[in-house]
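Pasting structure07.cif here (mmCIF, C-alpha atoms):
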```cif
data_final
loop_
_atom_site.label_atom_id
_atom_site.label_comp_id
_atom_site.auth_asym_id
_atom_site.auth_seq_id
_atom_site.Cartn_x
_atom_site.Cartn_y
_atom_site.Cartn_z
CA MET A 41 41.12 4.33 2.72
CA ALA A 42 40.60 0.58 2.81
CA LYS A 43 42.45 -2.35 4.30
CA VAL A 44 42.76 -5.33 1.96
CA VAL A 45 43.75 -8.71 3.41
CA CYS A 46 45.02 -11.16 0.80
CA VAL A 47 45.50 -14.83 1.70
CA LEU A 48 47.84 -16.70 -0.66
CA TYR A 49 49.75 -19.97 -0.56
CA ASP A 50 53.39 -20.14 0.51
CA ASP A 51 56.29 -19.44 -1.84
CA PRO A 52 58.21 -22.39 -3.33
CA ILE A 53 60.43 -24.15 -0.79
CA ASP A 54 63.50 -23.05 -2.78
CA GLY A 55 62.38 -19.42 -2.79
CA TYR A 56 60.40 -17.17 -5.11
CA PRO A 57 61.46 -17.77 -8.75
CA THR A 58 63.99 -15.47 -10.38
CA SER A 59 63.41 -17.08 -13.78
CA TYR A 60 60.80 -19.29 -15.44
CA ALA A 61 60.74 -22.30 -17.77
CA ARG A 62 59.06 -20.26 -20.52
CA ASP A 63 59.54 -16.66 -21.59
CA ASP A 64 55.91 -15.87 -22.37
CA LEU A 65 52.34 -17.16 -22.50
CA PRO A 66 50.13 -17.83 -25.52
CA ARG A 67 47.72 -14.98 -26.14
CA ILE A 68 44.10 -15.96 -25.52
CA ALA A 69 41.60 -13.81 -27.42
CA GLY A 70 38.50 -14.64 -25.37
CA TYR A 71 36.45 -17.35 -23.72
CA ALA A 72 34.40 -19.96 -25.54
CA ASP A 73 31.03 -18.52 -24.54
CA GLY A 74 31.91 -15.02 -25.74
CA GLN A 75 32.75 -13.61 -22.31
CA THR A 76 35.73 -11.30 -22.45
CA LEU A 77 38.88 -11.82 -20.44
CA PRO A 78 39.42 -9.53 -17.43
CA THR A 79 39.72 -5.89 -18.45
CA PRO A 80 41.43 -3.92 -15.68
CA ASN A 81 42.70 -0.46 -16.47
CA ALA A 82 46.26 -1.75 -16.05
CA ILE A 83 48.28 -4.58 -14.51
CA ASP A 84 51.56 -4.40 -12.60
CA PHE A 85 52.92 -7.83 -13.42
CA LYS A 86 54.22 -9.80 -16.38
CA PRO A 87 51.90 -12.66 -17.39
CA GLY A 88 53.65 -15.93 -16.63
CA GLN A 89 54.96 -14.87 -13.24
CA LEU A 90 54.08 -16.74 -10.04
CA LEU A 91 51.35 -14.46 -8.71
CA GLY A 92 49.41 -16.82 -6.46
CA SER A 93 52.03 -17.22 -3.74
CA VAL A 94 52.79 -14.76 -0.97
CA SER A 95 55.62 -12.93 -2.76
CA GLY A 96 53.54 -12.66 -5.95
CA GLU A 97 50.84 -10.68 -4.12
CA LEU A 98 48.55 -11.08 -7.16
CA GLY A 99 50.42 -8.09 -8.53
CA LEU A 100 48.30 -5.77 -6.36
CA ARG A 101 50.65 -3.90 -4.03
CA LYS A 102 51.61 -0.99 -6.29
CA TYR A 103 48.03 -0.38 -7.38
CA LEU A 104 46.64 -0.40 -3.84
CA GLU A 105 49.38 1.53 -2.06
CA GLU A 106 49.54 4.28 -4.69
CA ARG A 107 45.89 4.94 -3.88
CA GLY A 108 46.45 4.99 -0.13
CA HIS A 109 45.05 1.57 0.66
CA THR A 110 46.74 -0.95 2.96
CA LEU A 111 47.59 -4.42 1.67
CA VAL A 112 48.27 -7.29 4.06
CA VAL A 113 49.43 -10.54 2.43
CA THR A 114 49.70 -13.75 4.42
CA SER A 115 49.53 -17.51 4.08
CA GLU A 116 48.66 -17.90 7.76
CA LYS A 117 44.93 -18.49 7.64
CA ASP A 118 43.84 -21.29 9.97
CA GLY A 119 43.19 -21.31 13.69
CA PRO A 120 42.11 -18.62 16.16
CA ASN A 121 45.60 -17.12 16.43
CA SER A 122 46.30 -16.98 12.68
CA ARG A 123 47.34 -13.76 10.95
CA LEU A 124 44.06 -13.76 9.04
CA GLU A 125 42.07 -13.93 12.26
CA ARG A 126 44.06 -11.06 13.75
CA GLU A 127 43.59 -8.85 10.67
CA LEU A 128 39.81 -9.30 10.31
CA ALA A 129 38.73 -6.67 12.83
CA ASP A 130 39.37 -3.74 10.48
CA ALA A 131 39.48 -5.47 7.09
CA ASP A 132 37.33 -3.97 4.32
CA VAL A 133 38.22 -6.58 1.68
CA VAL A 134 39.38 -10.19 1.96
CA ILE A 135 40.89 -11.88 -1.10
CA SER A 136 41.51 -15.61 -1.18
CA GLN A 137 42.14 -18.47 -3.60
CA PRO A 138 40.28 -21.81 -3.68
CA PHE A 139 43.64 -23.59 -3.55
CA TRP A 140 44.51 -22.11 -0.13
CA PRO A 141 41.13 -20.86 1.02
CA ALA A 142 40.56 -18.27 3.69
CA TYR A 143 37.49 -19.88 5.22
CA LEU A 144 35.11 -17.02 5.98
CA THR A 145 32.77 -18.73 8.39
CA ALA A 146 29.87 -16.97 10.07
CA GLU A 147 32.02 -16.65 13.19
CA ARG A 148 34.81 -14.96 11.27
CA ILE A 149 32.42 -12.68 9.41
CA ALA A 150 31.04 -11.60 12.79
CA LYS A 151 34.58 -10.58 13.77
CA ALA A 152 34.90 -8.39 10.66
CA PRO A 153 32.39 -5.54 11.10
CA LYS A 154 33.93 -3.47 8.28
CA LEU A 155 34.03 -6.27 5.71
CA LYS A 156 32.28 -5.27 2.51
CA LEU A 157 33.82 -7.49 -0.19
CA ALA A 158 35.11 -11.06 -0.33
CA VAL A 159 36.92 -11.88 -3.58
CA THR A 160 37.85 -15.32 -4.87
CA ALA A 161 40.98 -15.19 -7.02
CA GLY A 162 39.77 -17.96 -9.29
CA ILE A 163 36.38 -19.67 -9.29
CA GLY A 164 34.38 -21.28 -6.49
CA SER A 165 33.34 -19.27 -3.44
CA ASP A 166 32.18 -22.09 -1.16
CA HIS A 167 34.91 -21.17 1.37
CA VAL A 168 32.66 -18.21 2.23
CA ASP A 169 29.55 -18.80 4.31
CA LEU A 170 27.24 -17.43 1.62
CA GLN A 171 24.26 -17.25 3.94
CA ALA A 172 26.24 -15.14 6.41
CA ALA A 173 27.39 -12.91 3.53
CA ILE A 174 23.78 -12.51 2.42
CA ASP A 175 22.68 -11.64 5.94
CA ARG A 176 25.50 -9.09 6.34
CA ASN A 177 25.10 -7.60 2.85
CA ILE A 178 28.69 -8.46 1.94
CA THR A 179 29.46 -8.71 -1.76
CA VAL A 180 31.09 -11.98 -2.81
CA ALA A 181 32.75 -12.06 -6.22
CA GLU A 182 34.94 -14.44 -8.20
CA VAL A 183 36.77 -14.31 -11.53
CA THR A 184 34.43 -16.48 -13.56
CA PHE A 185 35.97 -18.55 -16.39
CA SER A 186 39.50 -17.36 -15.55
CA ASN A 187 40.78 -20.88 -14.86
CA SER A 188 37.96 -23.09 -16.18
CA ILE A 189 39.99 -24.40 -19.13
CA SER A 190 42.97 -24.97 -16.83
CA VAL A 191 40.79 -27.24 -14.70
CA ALA A 192 39.30 -28.99 -17.74
CA GLU A 193 42.78 -29.83 -19.00
CA HIS A 194 43.64 -31.23 -15.56
CA VAL A 195 40.53 -33.42 -15.64
CA VAL A 196 41.51 -34.95 -18.99
CA MET A 197 45.03 -35.55 -17.71
CA MET A 198 43.70 -37.32 -14.63
CA ILE A 199 41.27 -39.50 -16.59
CA LEU A 200 44.04 -40.69 -18.89
CA SER A 201 46.44 -41.15 -15.97
CA LEU A 202 43.97 -43.36 -14.09
CA VAL A 203 42.71 -45.45 -16.97
CA ARG A 204 46.18 -46.00 -18.48
CA ASN A 205 47.70 -46.66 -15.02
CA TYR A 206 50.30 -43.98 -15.66
CA LEU A 207 51.39 -43.03 -12.15
CA PRO A 208 52.21 -46.56 -10.89
CA SER A 209 54.02 -47.25 -14.18
CA HIS A 210 56.06 -44.08 -13.75
CA ASP A 211 56.92 -45.16 -10.21
CA TRP A 212 58.33 -48.48 -11.50
CA VAL A 213 60.78 -46.56 -13.70
CA ARG A 214 61.73 -44.08 -10.98
CA ASN A 215 62.44 -46.97 -8.64
CA GLY A 216 64.71 -48.71 -11.16
CA GLY A 217 62.27 -51.35 -12.38
CA TRP A 218 61.02 -52.53 -15.78
CA ASN A 219 57.93 -54.41 -14.67
CA ILE A 220 55.74 -54.24 -17.77
CA ALA A 221 53.22 -56.84 -16.62
CA ASP A 222 52.63 -55.00 -13.34
CA CYS A 223 52.02 -51.80 -15.29
CA ALA A 224 49.74 -53.38 -17.90
CA ALA A 225 47.63 -55.35 -15.41
CA ARG A 226 45.53 -52.24 -14.64
CA SER A 227 45.91 -50.37 -17.94
CA TYR A 228 43.01 -49.88 -20.37
CA ASP A 229 42.09 -47.70 -23.36
CA VAL A 230 39.57 -44.91 -22.94
CA GLU A 231 38.32 -45.50 -26.49
CA GLY A 232 34.73 -46.73 -26.37
CA MET A 233 34.27 -46.00 -22.68
CA HIS A 234 31.28 -44.06 -21.41
CA VAL A 235 32.23 -40.88 -19.55
CA GLY A 236 29.83 -38.57 -17.74
CA THR A 237 30.16 -35.19 -16.10
CA VAL A 238 28.21 -34.02 -13.08
CA ALA A 239 27.40 -30.51 -14.32
CA ALA A 240 28.09 -29.26 -17.83
CA GLY A 241 28.89 -25.64 -17.19
CA ARG A 242 32.09 -23.97 -18.32
CA ILE A 243 34.35 -26.71 -16.98
CA GLY A 244 32.14 -29.73 -17.59
CA LEU A 245 31.37 -28.77 -21.17
CA ALA A 246 35.04 -28.03 -21.84
CA VAL A 247 35.92 -31.51 -20.55
CA LEU A 248 33.36 -33.12 -22.88
CA ARG A 249 34.67 -31.19 -25.88
CA ARG A 250 38.22 -32.33 -25.13
CA LEU A 251 37.22 -35.96 -24.69
CA LYS A 252 35.19 -36.25 -27.90
CA PRO A 253 38.29 -36.86 -30.10
CA PHE A 254 39.10 -39.90 -27.93
CA ASP A 255 35.96 -41.61 -29.32
CA MET A 256 34.34 -41.91 -25.91
CA HIS A 257 30.57 -41.95 -25.37
CA LEU A 258 29.65 -38.67 -23.68
CA HIS A 259 27.03 -38.19 -20.97
CA TYR A 260 26.08 -35.37 -18.65
CA PHE A 261 23.81 -34.51 -15.76
CA ASP A 262 22.91 -30.89 -15.13
CA ARG A 263 19.83 -29.14 -13.79
CA HIS A 264 20.17 -26.77 -16.76
CA ARG A 265 20.00 -28.79 -19.96
CA LEU A 266 22.34 -27.75 -22.77
CA PRO A 267 20.95 -26.41 -26.07
CA GLY A 268 19.94 -29.09 -28.55
CA LYS A 269 22.57 -28.00 -31.06
CA VAL A 270 25.33 -28.60 -28.49
CA GLU A 271 23.94 -32.04 -27.63
CA LYS A 272 23.83 -32.90 -31.33
CA GLU A 273 27.31 -31.52 -32.04
CA LEU A 274 28.92 -33.66 -29.32
CA ASN A 275 26.43 -36.55 -29.47
CA LEU A 276 25.66 -36.04 -25.77
CA VAL A 277 23.28 -38.07 -23.66
CA TRP A 278 21.54 -36.00 -20.97
CA HIS A 279 20.39 -37.63 -17.74
CA ASP A 280 17.80 -36.03 -15.51
CA THR A 281 19.32 -37.54 -12.34
CA VAL A 282 22.90 -38.17 -11.33
CA GLU A 283 21.93 -41.70 -10.27
CA ASP A 284 20.75 -42.49 -13.80
CA MET A 285 24.02 -41.24 -15.27
CA VAL A 286 26.58 -42.88 -12.99
CA LYS A 287 25.19 -46.39 -13.45
CA VAL A 288 26.11 -46.40 -17.16
CA CYS A 289 29.47 -44.63 -17.02
CA ASP A 290 32.97 -46.08 -16.90
CA VAL A 291 34.36 -42.68 -15.92
CA VAL A 292 32.60 -39.97 -13.91
CA THR A 293 34.02 -36.47 -13.51
CA ILE A 294 32.61 -34.02 -10.96
CA ASN A 295 32.46 -30.41 -12.16
CA CYS A 296 29.70 -28.80 -10.08
CA PRO A 297 29.97 -26.12 -7.39
CA LEU A 298 29.87 -27.03 -3.72
CA HIS A 299 26.79 -25.80 -1.89
CA PRO A 300 24.30 -27.46 0.49
CA GLU A 301 22.59 -29.37 -2.34
CA THR A 302 25.82 -30.99 -3.58
CA GLU A 303 27.62 -31.53 -0.27
CA ASN A 304 28.21 -35.28 0.31
CA LEU A 305 26.51 -36.05 -3.02
CA PHE A 306 28.80 -39.03 -3.70
CA ASP A 307 28.06 -40.93 -0.53
CA GLU A 308 28.12 -44.67 0.09
CA GLY A 309 24.78 -45.11 -1.67
CA LEU A 310 25.66 -43.26 -4.87
CA LEU A 311 29.08 -44.88 -5.13
CA ALA A 312 27.36 -48.28 -4.90
CA LYS A 313 25.23 -47.37 -7.92
CA MET A 314 28.27 -46.77 -10.11
CA LYS A 315 29.55 -49.52 -12.39
CA ARG A 316 32.02 -51.77 -10.59
CA GLY A 317 35.50 -50.75 -11.65
CA ALA A 318 34.51 -47.21 -12.68
CA TYR A 319 36.86 -44.28 -12.26
CA LEU A 320 35.93 -41.10 -10.39
CA VAL A 321 37.66 -37.75 -10.96
CA ASN A 322 36.95 -34.77 -8.74
CA THR A 323 38.41 -31.34 -9.43
CA ALA A 324 35.34 -29.56 -8.07
CA ARG A 325 35.38 -29.67 -4.26
CA GLY A 326 36.41 -32.34 -1.80
CA LYS A 327 33.23 -32.08 0.23
CA ILE A 328 31.08 -33.21 -2.71
CA VAL A 329 32.23 -36.77 -2.02
CA ASN A 330 32.22 -38.67 1.24
CA ARG A 331 35.84 -38.98 2.27
CA ASP A 332 35.72 -42.39 3.92
CA ALA A 333 33.24 -43.91 1.44
CA VAL A 334 35.74 -43.22 -1.37
CA VAL A 335 38.46 -45.04 0.55
CA ARG A 336 36.22 -48.05 1.12
CA ALA A 337 35.14 -48.12 -2.54
CA LEU A 338 38.76 -48.22 -3.70
CA LYS A 339 39.69 -50.96 -1.24
CA SER A 340 36.68 -53.08 -2.22
CA GLY A 341 37.19 -52.63 -5.96
CA GLN A 342 33.89 -50.80 -6.48
CA LEU A 343 36.05 -47.95 -7.80
CA ALA A 344 39.06 -48.79 -9.97
CA GLY A 345 40.60 -45.40 -9.29
CA TYR A 346 40.01 -41.97 -7.80
CA ALA A 347 41.85 -38.82 -8.82
CA GLY A 348 41.37 -35.26 -7.78
CA ASP A 349 43.10 -32.17 -6.55
CA VAL A 350 40.42 -30.97 -4.15
CA TRP A 351 40.30 -31.91 -0.49
CA PHE A 352 38.43 -30.80 2.60
CA PRO A 353 39.67 -28.95 4.43
CA GLN A 354 42.54 -27.37 2.53
CA PRO A 355 45.34 -27.87 3.28
CA ALA A 356 44.41 -31.42 4.21
CA PRO A 357 45.91 -32.81 7.43
CA LYS A 358 48.94 -34.98 6.80
CA ASP A 359 47.07 -38.05 8.06
CA HIS A 360 44.18 -37.55 5.61
CA PRO A 361 43.31 -41.05 4.29
CA TRP A 362 43.33 -39.93 0.65
CA ARG A 363 47.10 -39.56 0.87
CA THR A 364 47.56 -43.31 1.32
CA MET A 365 44.48 -44.99 -0.20
CA PRO A 366 45.05 -47.43 -3.10
CA HIS A 367 44.70 -46.55 -6.80
CA GLU A 368 44.64 -42.79 -6.29
CA GLY A 369 45.97 -39.97 -8.44
CA MET A 370 45.74 -37.09 -5.98
CA THR A 371 47.47 -33.73 -6.27
CA PRO A 372 47.28 -30.67 -4.04
CA HIS A 373 44.72 -28.19 -5.34
CA ILE A 374 46.66 -27.04 -8.42
CA SER A 375 44.34 -27.58 -11.38
CA GLY A 376 43.25 -23.96 -11.60
CA THR A 377 46.46 -22.21 -10.59
CA SER A 378 48.75 -22.77 -13.56
CA LEU A 379 50.86 -19.74 -14.39
CA SER A 380 48.55 -19.19 -17.36
CA ALA A 381 45.49 -19.14 -15.12
CA GLN A 382 47.15 -16.89 -12.54
CA ALA A 383 47.64 -14.14 -15.10
CA ARG A 384 43.90 -14.16 -15.82
CA TYR A 385 42.58 -14.39 -12.29
CA ALA A 386 45.04 -11.79 -10.97
CA ALA A 387 43.86 -9.41 -13.69
CA GLY A 388 40.26 -10.23 -12.78
CA VAL A 389 40.85 -9.44 -9.11
CA ARG A 390 42.35 -6.11 -10.17
CA GLU A 391 39.27 -5.41 -12.30
CA ILE A 392 36.93 -6.23 -9.39
CA LEU A 393 38.86 -3.97 -7.03
CA GLU A 394 38.90 -1.11 -9.54
CA CYS A 395 35.12 -1.34 -9.83
CA PHE A 396 34.67 -1.56 -6.07
CA PHE A 397 36.87 1.42 -5.22
CA GLU A 398 35.57 3.55 -8.10
CA GLY A 399 31.93 2.85 -7.33
CA ARG A 400 31.31 1.10 -10.66
CA PRO A 401 29.24 -2.08 -10.99
CA ILE A 402 31.17 -5.33 -10.81
CA ARG A 403 30.49 -7.55 -13.83
CA ASN A 404 27.34 -9.57 -13.33
CA GLU A 405 29.13 -12.81 -14.24
CA TYR A 406 31.63 -12.18 -11.42
CA LEU A 407 28.97 -11.77 -8.75
CA ILE A 408 28.04 -14.54 -6.32
CA VAL A 409 26.35 -12.50 -3.57
CA HIS A 410 25.30 -8.85 -3.89
CA ASP A 411 22.72 -6.62 -2.23
CA GLY A 412 21.79 -9.28 0.29
CA ALA A 413 21.01 -12.08 -2.19
CA LEU A 414 22.60 -14.57 -4.54
CA ALA A 415 23.39 -12.66 -7.74
CA GLY A 416 24.90 -13.13 -11.17
CA THR A 417 26.67 -16.45 -11.47
CA GLY A 418 25.78 -17.17 -7.86
CA ALA A 419 22.07 -17.15 -8.62
CA ASN A 420 22.54 -19.80 -11.30
CA SER A 421 25.15 -21.98 -9.62
CA TYR A 422 24.69 -21.87 -5.84
CA SER A 423 21.99 -22.26 -3.24
CA PRO A 424 21.82 -20.19 -0.04
CA GLY A 425 23.51 -21.76 2.94
CA ASP A 426 26.87 -22.66 4.39
CA ALA A 427 29.41 -25.24 3.19
CA THR A 428 32.27 -24.20 5.51
CA ARG A 429 31.40 -26.45 8.45
CA GLY A 430 34.44 -28.48 9.50
CA SER A 431 36.95 -26.09 7.92
CA ASP A 432 38.60 -25.50 11.30
CA ASP A 433 40.24 -28.90 10.86
CA ALA A 434 42.62 -27.28 8.34
CA ALA A 435 44.65 -26.05 11.33
CA ARG A 436 45.77 -29.64 11.85
CA PHE A 437 47.94 -29.51 8.71
CA ASN A 438 50.71 -27.81 10.65
CA LYS A 439 50.28 -30.07 13.67
CA THR A 440 50.28 -33.52 12.04
#
```
Show the structure stored in the file as structure tokens.
Amino acid sequence: MAKVVCVLYDDPIDGYPTSYARDDLPRIAGYADGQTLPTPNAIDFKPGQLLGSVSGELGLRKYLEERGHTLVVTSEKDGPNSRLERELADADVVISQPFWPAYLTAERIAKAPKLKLAVTAGIGSDHVDLQAAIDRNITVAEVTFSNSISVAEHVVMMILSLVRNYLPSHDWVRNGGWNIADCAARSYDVEGMHVGTVAAGRIGLAVLRRLKPFDMHLHYFDRHRLPGKVEKELNLVWHDTVEDMVKVCDVVTINCPLHPETENLFDEGLLAKMKRGAYLVNTARGKIVNRDAVVRALKSGQLAGYAGDVWFPQPAPKDHPWRTMPHEGMTPHISGTSLSAQARYAAGVREILECFFEGRPIRNEYLIVHDGALAGTGANSYSPGDATRGSDDAARFNKT
């Protein structure tokens, strides 16, 4: 029998919900590219429940314990004395979410001799040292497309919030003011602006489709060019380098995976090539941008605004400069963990575990690493290597 260690974020401060704002979720028939939703044999939760926190357990306990497996659920993941660290020695499976990642560094993988499967409940497996997983023949899997539209919706919300100066205007009202001029002094229309996405995969393309009705000019950079019919349908402009794209865009949204080739992509030099007063939105990974260069660009006016819900490490220390920099629209990493998304990625985790325990192949689109190599989605989206360096700083969240 197997030991499954599941790392999830903490319950709400007022306790695990006993009721919800809505009674049900809309029924989604399938994904835009034809991929089917997760198809586990069964689920032991009601869609719309809070599944991503500790008490939600991704709806896995009944399934695992009825089959004799052990499930350990914890939010304590950072530092050498964390619960995660203590449970690794005999763990067969580690499940984590990008929003509260269990950083599986090479050092931690070395402490887990029985580890066979690392599952991301959601999308994005950069919190695993993929090179170490390759070397140890550990399968890495994620629930592809489960929360891509959730993230795309969050991107559109953040673009509109930045450009229309929504958050500062809301603050004026909350603080008892009616300062229209202060609100309008940084408020613009998105109509006619040029917006570009770094990567036009499931999320990036969904963002472009949702922005087209706003009459924006749409651009994209991706190493895999989209089919001509898609470019024609959306009137897209493809750029063969990110530098070429950012210099013409009023808004840039980052939607690529984090791996060694994209780490620190938006450094001081690339930010300087953007149009002065451009907006940058990042719901991909915090490490794709240079933390301090973003702060300087906002203070100098090179960037008019920066919004995102991804940080590095996660949780970010309380003294992280993005918490206090000007003209920001930051949230904790929530874009892909709406209650709607949780129902899909929890079902996808269940499907992956059913395949693993029953000796059936895991869907190719869910695979990141398998049989000692990048596989499936991983072969198309990642490069071998490690993007976890510096993740030990997450332990400072509870100390600052």
Checklist line | Pick from A:Ala435, A:Ala172, A:Val196, A:Met365, whichever lies nearest to Ala158 (chain A) using all atoms listed in the file | finding: A:Ala172
Item checked: Among the residues A:Gln354, A:Thr371, A:Gln75, A:Asn177, the one that comes closest to Val195 (chain A) [using all atoms listed in the file] ->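 Comparing A:Gln354, A:Thr371, A:Gln75, A:Asn177 against Val195 (chain A), the winner is A:Thr371.
Pairwise distance (CA of Gly326 (chain A), CA of Phe352 (chain A)) equals 5.1 Å.
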Quick one: apply the PyMOL selection byres ((chain A and resi 199-201) around 8) to the file and drop the selected residues here as a short mmCIF file (atom, residue, chain, number, x, y, z; two decimals) with C-alpha atoms, in the frame of the given file.
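Output (result.cif):
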```cif
data_model
loop_
_atom_site.label_atom_id
_atom_site.label_comp_id
_atom_site.auth_asym_id
_atom_site.auth_seq_id
_atom_site.Cartn_x
_atom_site.Cartn_y
_atom_site.Cartn_z
CA VAL A 195 40.53 -33.42 -15.64
CA VAL A 196 41.51 -34.95 -18.99
CA MET A 197 45.03 -35.55 -17.71
CA MET A 198 43.70 -37.32 -14.63
CA LEU A 202 43.97 -43.36 -14.09
CA VAL A 203 42.71 -45.45 -16.97
CA ARG A 204 46.18 -46.00 -18.48
CA ASN A 205 47.70 -46.66 -15.02
CA TYR A 206 50.30 -43.98 -15.66
CA LEU A 207 51.39 -43.03 -12.15
CA VAL A 230 39.57 -44.91 -22.94
CA VAL A 291 34.36 -42.68 -15.92
CA TYR A 319 36.86 -44.28 -12.26
CA VAL A 321 37.66 -37.75 -10.96
CA ALA A 347 41.85 -38.82 -8.82
CA GLY A 369 45.97 -39.97 -8.44
#
```
Note to self: Residues near region 257-266 of chain A, anyone? I mean within 9 Å using all atoms listed in the file, not counting same-chain ones fewer than 5 positions away, as a ChimeraX atom specification.
What the structure shows: /A:231-241,244-245,248,251-252,271,274-282,284-285,289,296
Could you write out as a CSV table (one decimal) with C-alpha atoms, keeping the file's coordinate frame the residues that the PyMOL selection byres ((chain A and resi 170) around 12) matches in the shown file?
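The file below, result-v7.csv, is the result:
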```csv
chain,number,residue,atom,x,y,z
A,143,TYR,CA,37.5,-19.9,5.2
A,144,LEU,CA,35.1,-17.0,6.0
A,145,THR,CA,32.8,-18.7,8.4
A,146,ALA,CA,29.9,-17.0,10.1
A,149,ILE,CA,32.4,-12.7,9.4
A,158,ALA,CA,35.1,-11.1,-0.3
A,164,GLY,CA,34.4,-21.3,-6.5
A,165,SER,CA,33.3,-19.3,-3.4
A,166,ASP,CA,32.2,-22.1,-1.2
A,167,HIS,CA,34.9,-21.2,1.4
A,168,VAL,CA,32.7,-18.2,2.2
A,169,ASP,CA,29.6,-18.8,4.3
A,171,GLN,CA,24.3,-17.2,3.9
A,172,ALA,CA,26.2,-15.1,6.4
A,173,ALA,CA,27.4,-12.9,3.5
A,174,ILE,CA,23.8,-12.5,2.4
A,175,ASP,CA,22.7,-11.6,5.9
A,176,ARG,CA,25.5,-9.1,6.3
A,177,ASN,CA,25.1,-7.6,2.8
A,178,ILE,CA,28.7,-8.5,1.9
A,179,THR,CA,29.5,-8.7,-1.8
A,180,VAL,CA,31.1,-12.0,-2.8
A,181,ALA,CA,32.8,-12.1,-6.2
A,298,LEU,CA,29.9,-27.0,-3.7
A,299,HIS,CA,26.8,-25.8,-1.9
A,300,PRO,CA,24.3,-27.5,0.5
A,407,LEU,CA,29.0,-11.8,-8.8
A,408,ILE,CA,28.0,-14.5,-6.3
A,409,VAL,CA,26.4,-12.5,-3.6
A,410,HIS,CA,25.3,-8.8,-3.9
A,412,GLY,CA,21.8,-9.3,0.3
A,413,ALA,CA,21.0,-12.1,-2.2
A,414,LEU,CA,22.6,-14.6,-4.5
A,415,ALA,CA,23.4,-12.7,-7.7
A,418,GLY,CA,25.8,-17.2,-7.9
A,419,ALA,CA,22.1,-17.2,-8.6
A,422,TYR,CA,24.7,-21.9,-5.8
A,423,SER,CA,22.0,-22.3,-3.2
A,424,PRO,CA,21.8,-20.2,0.0
A,425,GLY,CA,23.5,-21.8,2.9
A,426,ASP,CA,26.9,-22.7,4.4
A,427,ALA,CA,29.4,-25.2,3.2
A,428,THR,CA,32.3,-24.2,5.5
```
Margin query: For this structure, which residues satisfy the selection - the PyMOL selection byres ((chain A and resi 86-100) around 6) - when it is evaluated on the file as given? I want them as a PyMOL selection string.
Written below: chain A and resi 48-51+84-85+101-103+379+383+386
Checklist line | CA of Arg126 (chain A) to CA of Val45 (chain A), distance in Å rounded to a single decimal | finding: 10.6 Å
Notebook entry, point to check: From the set A:Leu320, A:Met314, A:Lys339, A:Pro353, which residue has the shortest atom-to-atom contact distance to Ala142 (chain A), counting only C-alpha atoms?
Noted result: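 Smallest separation from Ala142 (chain A) among the options: A:Pro353.
With all atoms listed in the file as the basis for measurement, A:Leu104 is the residue among A:Asn219, A:Ile189, A:Leu104, A:Val270 that approaches Ile83 (chain A) most closely.
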Next item on the list: Write out as a PyMOL selection string the residues lying within 8 Å of Val44 (chain A), counting all atoms listed in the file and excluding same-chain residues fewer than 3 positions away.
Entry: chain A and resi 109-112+131-135
Those residues with C-alpha atoms, as a CSV table (one decimal), keeping the file's coordinate frame please?
```csv
chain,number,residue,atom,x,y,z
A,109,HIS,CA,45.0,1.6,0.7
A,110,THR,CA,46.7,-1.0,3.0
A,111,LEU,CA,47.6,-4.4,1.7
A,112,VAL,CA,48.3,-7.3,4.1
A,131,ALA,CA,39.5,-5.5,7.1
A,132,ASP,CA,37.3,-4.0,4.3
A,133,VAL,CA,38.2,-6.6,1.7
A,134,VAL,CA,39.4,-10.2,2.0
A,135,ILE,CA,40.9,-11.9,-1.1
```
Next item on the list: Record the distance separating CA of Pro357 (chain A) and CA of Val329 (chain A), expressed in Å with one decimal.
Entry: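 Value for the CA of Pro357 (chain A)-CA of Val329 (chain A) distance: 17.1 Å.
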Next item on the list: Kindly indicate which residue among A:Ala434, A:Ala312, A:Val292, A:Ala381 lies nearest to Lys358 (chain A), using all atoms listed in the file for the distances.
Entry: A:Ala434
Spatial neighbours of Lys313 (chain A), max dist 12 Å, all atoms listed in the file, sep filter under 4 positions, as a tab-separated table (two decimals) with C-alpha atoms, in the frame of the given file:
```tsv
chain	number	residue	atom	x	y	z
A	282	VAL	CA	22.90	-38.17	-11.33
A	283	GLU	CA	21.93	-41.70	-10.27
A	284	ASP	CA	20.75	-42.49	-13.80
A	285	MET	CA	24.02	-41.24	-15.27
A	286	VAL	CA	26.58	-42.88	-12.99
A	287	LYS	CA	25.19	-46.39	-13.45
A	288	VAL	CA	26.11	-46.40	-17.16
A	289	CYS	CA	29.47	-44.63	-17.02
A	290	ASP	CA	32.97	-46.08	-16.90
A	306	PHE	CA	28.80	-39.03	-3.70
A	307	ASP	CA	28.06	-40.93	-0.53
A	308	GLU	CA	28.12	-44.67	0.09
A	309	GLY	CA	24.78	-45.11	-1.67
A	317	GLY	CA	35.50	-50.75	-11.65
A	318	ALA	CA	34.51	-47.21	-12.68
A	337	ALA	CA	35.14	-48.12	-2.54
A	342	GLN	CA	33.89	-50.80	-6.48
A	343	LEU	CA	36.05	-47.95	-7.80
```
Margin query: From the options A:Arg148, A:Arg403, A:Arg62, A:Lys117, which residue's atoms come nearest to Asp433 (chain A), counting only C-alpha atoms?
Written below: A:Lys117
